Amino acid sequence: MADVTAIQPIRRLLIANRSEIARRIQRTAHEMGIDTVAVYADGDVSAPFVREADIAIALKGNLPAETYLDAAKVLEACKRTGADAVHPGYGFLSENASFARSVTRAGLRWIGPSGDAIAAVGDKLAAKALMEELGVPTLPAVEVKGGSDLAAAARETGFPLLVKAAAGGGGRGMRIVQEGEDIAEAVASARREALAAFGDGTVFLERWLTKPRHVEVQILGDNHGNVVYLFERECSIQRRHQKIIEEAPSPAVDATIRARMGEAALTVARRIGYTSAGTVEFLLDGDDFWFLEVNTRLQVEHPVTEAITGLDMVREQIRIAEGEPLGYAQDDLSITGHAIEARLYAEDPSNDFLPAGGSVLEWQPDDTGSARFDSGIESGSDISVDFDAMIAKVIVAAPTRREAAARLARTLERTRLQGVTNNRDFLVATLREPAFLIGDTTTDFIDRVNPGRRRKLSMSEKHDALMAVTVYGQARRREGAKVLRSVPSGWRNSFMPPEAASFRVGDDETRVEYRSRRDGAFDVSIGDNDYRVTVLSQEADGVDMEVDGRRFYAAISQCADQWLLHGPGGDIELLELPRFPTGSHAAVAGALVAPMPGNVTSVQVANGESVSQGQLLFTLEAMKMEHRITAQRSGIVSRILVEAGDQVDNGALLAVLEED
């Protein structure tokens, strides 16, 4: 039994993070009777994680470097609030050995491995060296230092190769290089991104495998020498080296491989005296695997492990930090069922998954099933370009993998998420792909299988949405009329042409004509299709209607000319078109516009310069990642309208490119 006198209960926990992970940690801490302290950037002042904390401290700034990455401000917040422990979540300072040591030197409990353990394996190069010493297979890698001969380093690694940040994770500071001429720019770009995200611009070159699986092993260790692994997760569905669908267990891992990978993970954990939660990541190809990295923190995808083991990972972290032993051995752990997590991001899959910040106008998680939603937002929340673009994680557990995939897809469809461009349709398409359902999930899945980027509406879905918005809108206008309110909507004392409205649904523009009938119904025409529409009931947030004997309900809200509808098939957004055309940057010949909101980090061209197709013109930073804006054709730059340091909106005019 544990020595009760050696256990030091945590009373007030400061969470050095934001958004969904801050809320998730708060949830467990409050269930354990622990007060929580939130710290926040200026733009997060009204975020749910701030309101739900017992105490919240402003970090006075907007960017990561001046807020969540500022260790001195976080420690000062601990002092001001009387916090006796710090949980770093993931990202930001979570794998910063210096910060972990500063926390413990201040007499506070650090919810994570020791600073020494982080230093030993948190740096990816150091971890690879340790794994080689322990006999675990690794991929060839070379550190890039100031003055390094990049060509020689690349020859040593071999092509294709990956430029990779030594610190942090989440896909940041990573660039694939297929041939030598691209390596210098890839190294420079990866360094900038890593420095902005983690405060450390160290990068290295690593041999790139094109079609492996990404499999990681969850470990837990206490302060009494006990360490276990909580089986594996597969995280092979990725874009920009960031995971978007994770599952546990892996469909490609049998009992033999699981034991081998688990023992490899425990070998390094025992060697460095690892405590708290951590993840040892591998690349798997058939029965062979290679060490990738150690994440010395809680992972984004930890909920799927919780679902198959029944353990609360944050609770285990807190118990360990308080001095309690694990209380269970490896043989006590088992896998129950299958769990899949999908990450909802504010991004545009149809535009190479570029980030898309903005306001979440409607957020209503599906409550008809037993899905778990870990989110940092609510209706009205803003998705800032200064931070990660993740909106929420949706997790489903079921007895079988196929059932988990089907239930998760349906949950995503029935969840209302509108106002900001997002990847929900892409996630649903992926979960229903035959290749996914049979477990053919290597890291090239998205390029190889190419799931649908956006849901294609059937004519019936599109027409239902148009009719619902049309009859709902006319009733709202009738309710707001200031004269003749007793006159039935659409009444005329002579035969007049039908009323009409035009909408854009996706890329299509459609005209809807409608005329009220004496019985209160409507005759509606859309193209060559005629319908009889009866409104059964109408509320402030939707309409219950019957179309030619078929009944359905549509939830509806309006934001200026934008109509947001959630019907039987899911979310549909319609734009009501003005009577007269409006100007746009698209009308400017040769206009080069921003494909997303972000900060202009560099301008690579000058006025009057001749450029060739594919040449780098600008770099933008958004959602903690760097994006390249290149010339779509050859020409001469006649005007540049931005400079480095400017903040631009999606669609902002950057430059004008004239033909040679």
# chains A, B, ... in the order shown; residues from 1 in each chain; ligands from 1

call {"tool": "residues_around", "arguments": {"residues": "Ser236 of chain A", "least_positions_apart": "6", "cutoff": "6 Å", "atoms": "only C-alpha atoms", "output": "PyMOL selection string"}}
result
chain A and resi 213-214+442-443

call {"tool": "select_by_dssp", "arguments": {"residues": "segment 433-578 of chain A", "states": "helix (DSSP H, G or I)", "output": "PyMOL selection string"}}
result
chain A and resi 434-437+445-449+459-479

call {"tool": "residues_around", "arguments": {"residues": "Gln558 of chain A", "least_positions_apart": "3", "cutoff": "10 Å", "atoms": "only C-alpha atoms", "output": "list in words"}}
result
Leu361, Val469, Gly473, Asp541, Asp561, Gln562, Trp563, Leu564, Leu565, Glu573, Leu574 and Leu575 of chain A

call {"tool": "closest_residue", "arguments": {"among": "A:Ser250, A:Ser610, A:Asn351, A:Ser370", "to": "Thr441 of chain A", "atoms": "only C-alpha atoms"}}
result
A:Ser250

call {"tool": "atom_distance", "arguments": {"atom1": "atom CA of Leu139 of chain A", "atom2": "atom CA of Arg207 of chain A"}}
result
6.1 Å

call {"tool": "select_by_dssp", "arguments": {"residues": "segment 120-240 of chain A", "states": "strand (DSSP E)", "output": "count of residues only"}}
result
40

call {"tool": "residues_around", "arguments": {"residues": "Pro113 of chain A", "least_positions_apart": "4", "cutoff": "8 Å", "atoms": "only C-alpha atoms", "output": "VMD selection string"}}
result
chain A and resid 117 to 118 274 to 277 296 to 297

call {"tool": "write_last_selection", "arguments": {"atoms": "N, CA and C atoms", "output": "PDB file, in the first residue's frame"}}
result
ATOM      1  N   ALA A 117      13.569  13.997 -17.683  1.00  0.00           N
ATOM      2  CA  ALA A 117      12.990  13.031 -18.620  1.00  0.00           C
ATOM      3  C   ALA A 117      12.621  13.720 -19.928  1.00  0.00           C
ATOM      4  N   ILE A 118      12.068  14.929 -19.820  1.00  0.00           N
ATOM      5  CA  ILE A 118      11.727  15.676 -21.031  1.00  0.00           C
ATOM      6  C   ILE A 118      12.985  15.964 -21.843  1.00  0.00           C
ATOM      7  N   TYR A 274      10.656   7.349 -16.331  1.00  0.00           N
ATOM      8  CA  TYR A 274       9.545   8.168 -16.814  1.00  0.00           C
ATOM      9  C   TYR A 274       8.356   8.104 -15.864  1.00  0.00           C
ATOM     10  N   THR A 275       7.773   9.284 -15.601  1.00  0.00           N
ATOM     11  CA  THR A 275       6.559   9.369 -14.798  1.00  0.00           C
ATOM     12  C   THR A 275       5.491  10.138 -15.577  1.00  0.00           C
ATOM     13  N   SER A 276       4.243   9.979 -15.179  1.00  0.00           N
ATOM     14  CA  SER A 276       3.091  10.617 -15.806  1.00  0.00           C
ATOM     15  C   SER A 276       2.795   9.969 -17.160  1.00  0.00           C
ATOM     16  N   ALA A 277       2.028  10.668 -17.993  1.00  0.00           N
ATOM     17  CA  ALA A 277       1.613  10.134 -19.287  1.00  0.00           C
ATOM     18  C   ALA A 277       2.608  10.524 -20.371  1.00  0.00           C
ATOM     19  N   THR A 296       6.371  13.808 -24.612  1.00  0.00           N
ATOM     20  CA  THR A 296       6.420  13.803 -23.146  1.00  0.00           C
ATOM     21  C   THR A 296       5.265  14.626 -22.564  1.00  0.00           C
ATOM     22  N   ARG A 297       4.055  14.255 -22.945  1.00  0.00           N
ATOM     23  CA  ARG A 297       2.871  15.019 -22.553  1.00  0.00           C
ATOM     24  C   ARG A 297       1.629  14.197 -22.844  1.00  0.00           C
TER      25      ARG A 297
END

call {"tool": "residues_around", "arguments": {"residues": "Arg410 of chain A", "least_positions_apart": "3", "cutoff": "10 Å", "atoms": "only C-alpha atoms", "output": "number ranges by chain"}}
result
A: 366, 369, 405-407, 413-415, 428, 431-432, 569-570

call {"tool": "closest_residue", "arguments": {"among": "A:Arg51, A:Arg455, A:Arg424, A:Lys393", "to": "Ile21 of chain A", "atoms": "only C-alpha atoms"}}
result
A:Lys393

call {"tool": "residues_around", "arguments": {"residues": "Asp382 of chain A", "least_positions_apart": "3", "cutoff": "10 Å", "atoms": "only C-alpha atoms", "output": "list in words"}}
result
Gly43, Asp44, Ser46, Ala47, Gly357, Gly358, Ser359, Val360, Leu361, Ile377, Glu378, Ser379, Val385, Ile391 and Val420 of chain A

call {"tool": "closest_residue", "arguments": {"among": "A:Ala126, A:Leu59, A:Ala190, A:Ile383", "to": "Val294 of chain A", "atoms": "only C-alpha atoms"}}
result
A:Ala126

call {"tool": "atom_distance", "arguments": {"atom1": "atom CA of Asp649 of chain A", "atom2": "atom CA of Tyr345 of chain A"}}
result
18.1 Å

call {"tool": "residues_around", "arguments": {"residues": "Gly614 of chain A", "least_positions_apart": "6", "cutoff": "12 Å", "atoms": "only C-alpha atoms", "output": "ChimeraX atom specification"}}
result
/A:628-635

call {"tool": "closest_atom_pairs", "arguments": {"of": "segment 204-240 of chain A", "to": "segment 303-323 of chain A", "cutoff": "12 Å", "atoms": "only C-alpha atoms", "output": "tab-separated table"}}
result
residue	atom	partner	partner_atom	distance
A:Glu216	CA	A:Thr305	CA	10.9
A:Val217	CA	A:Thr305	CA	9.8
A:Gln218	CA	A:Thr305	CA	7.9
A:Ile219	CA	A:Met313	CA	10.3
A:Leu220	CA	A:Glu316	CA	8.2
A:Gly221	CA	A:Ile320	CA	7.8
A:Asp222	CA	A:Ile320	CA	5.4
A:Asn223	CA	A:Gly323	CA	6.6
A:His224	CA	A:Gly323	CA	8.4
A:Gly225	CA	A:Ile320	CA	11.3
A:Asn226	CA	A:Ile320	CA	10.6
A:Val227	CA	A:Ile320	CA	11.2
A:Tyr229	CA	A:Thr305	CA	10.6
A:Leu230	CA	A:Thr305	CA	7.1
A:Phe231	CA	A:Thr305	CA	7.8
A:Glu232	CA	A:Thr305	CA	7.8
A:Arg233	CA	A:Thr305	CA	7.3
A:Glu234	CA	A:Val304	CA	10.0
A:Cys235	CA	A:Val304	CA	11.0

call {"tool": "atom_distance", "arguments": {"atom1": "atom CA of Ser114 of chain A", "atom2": "atom CA of Met390 of chain A"}}
result
28.4 Å
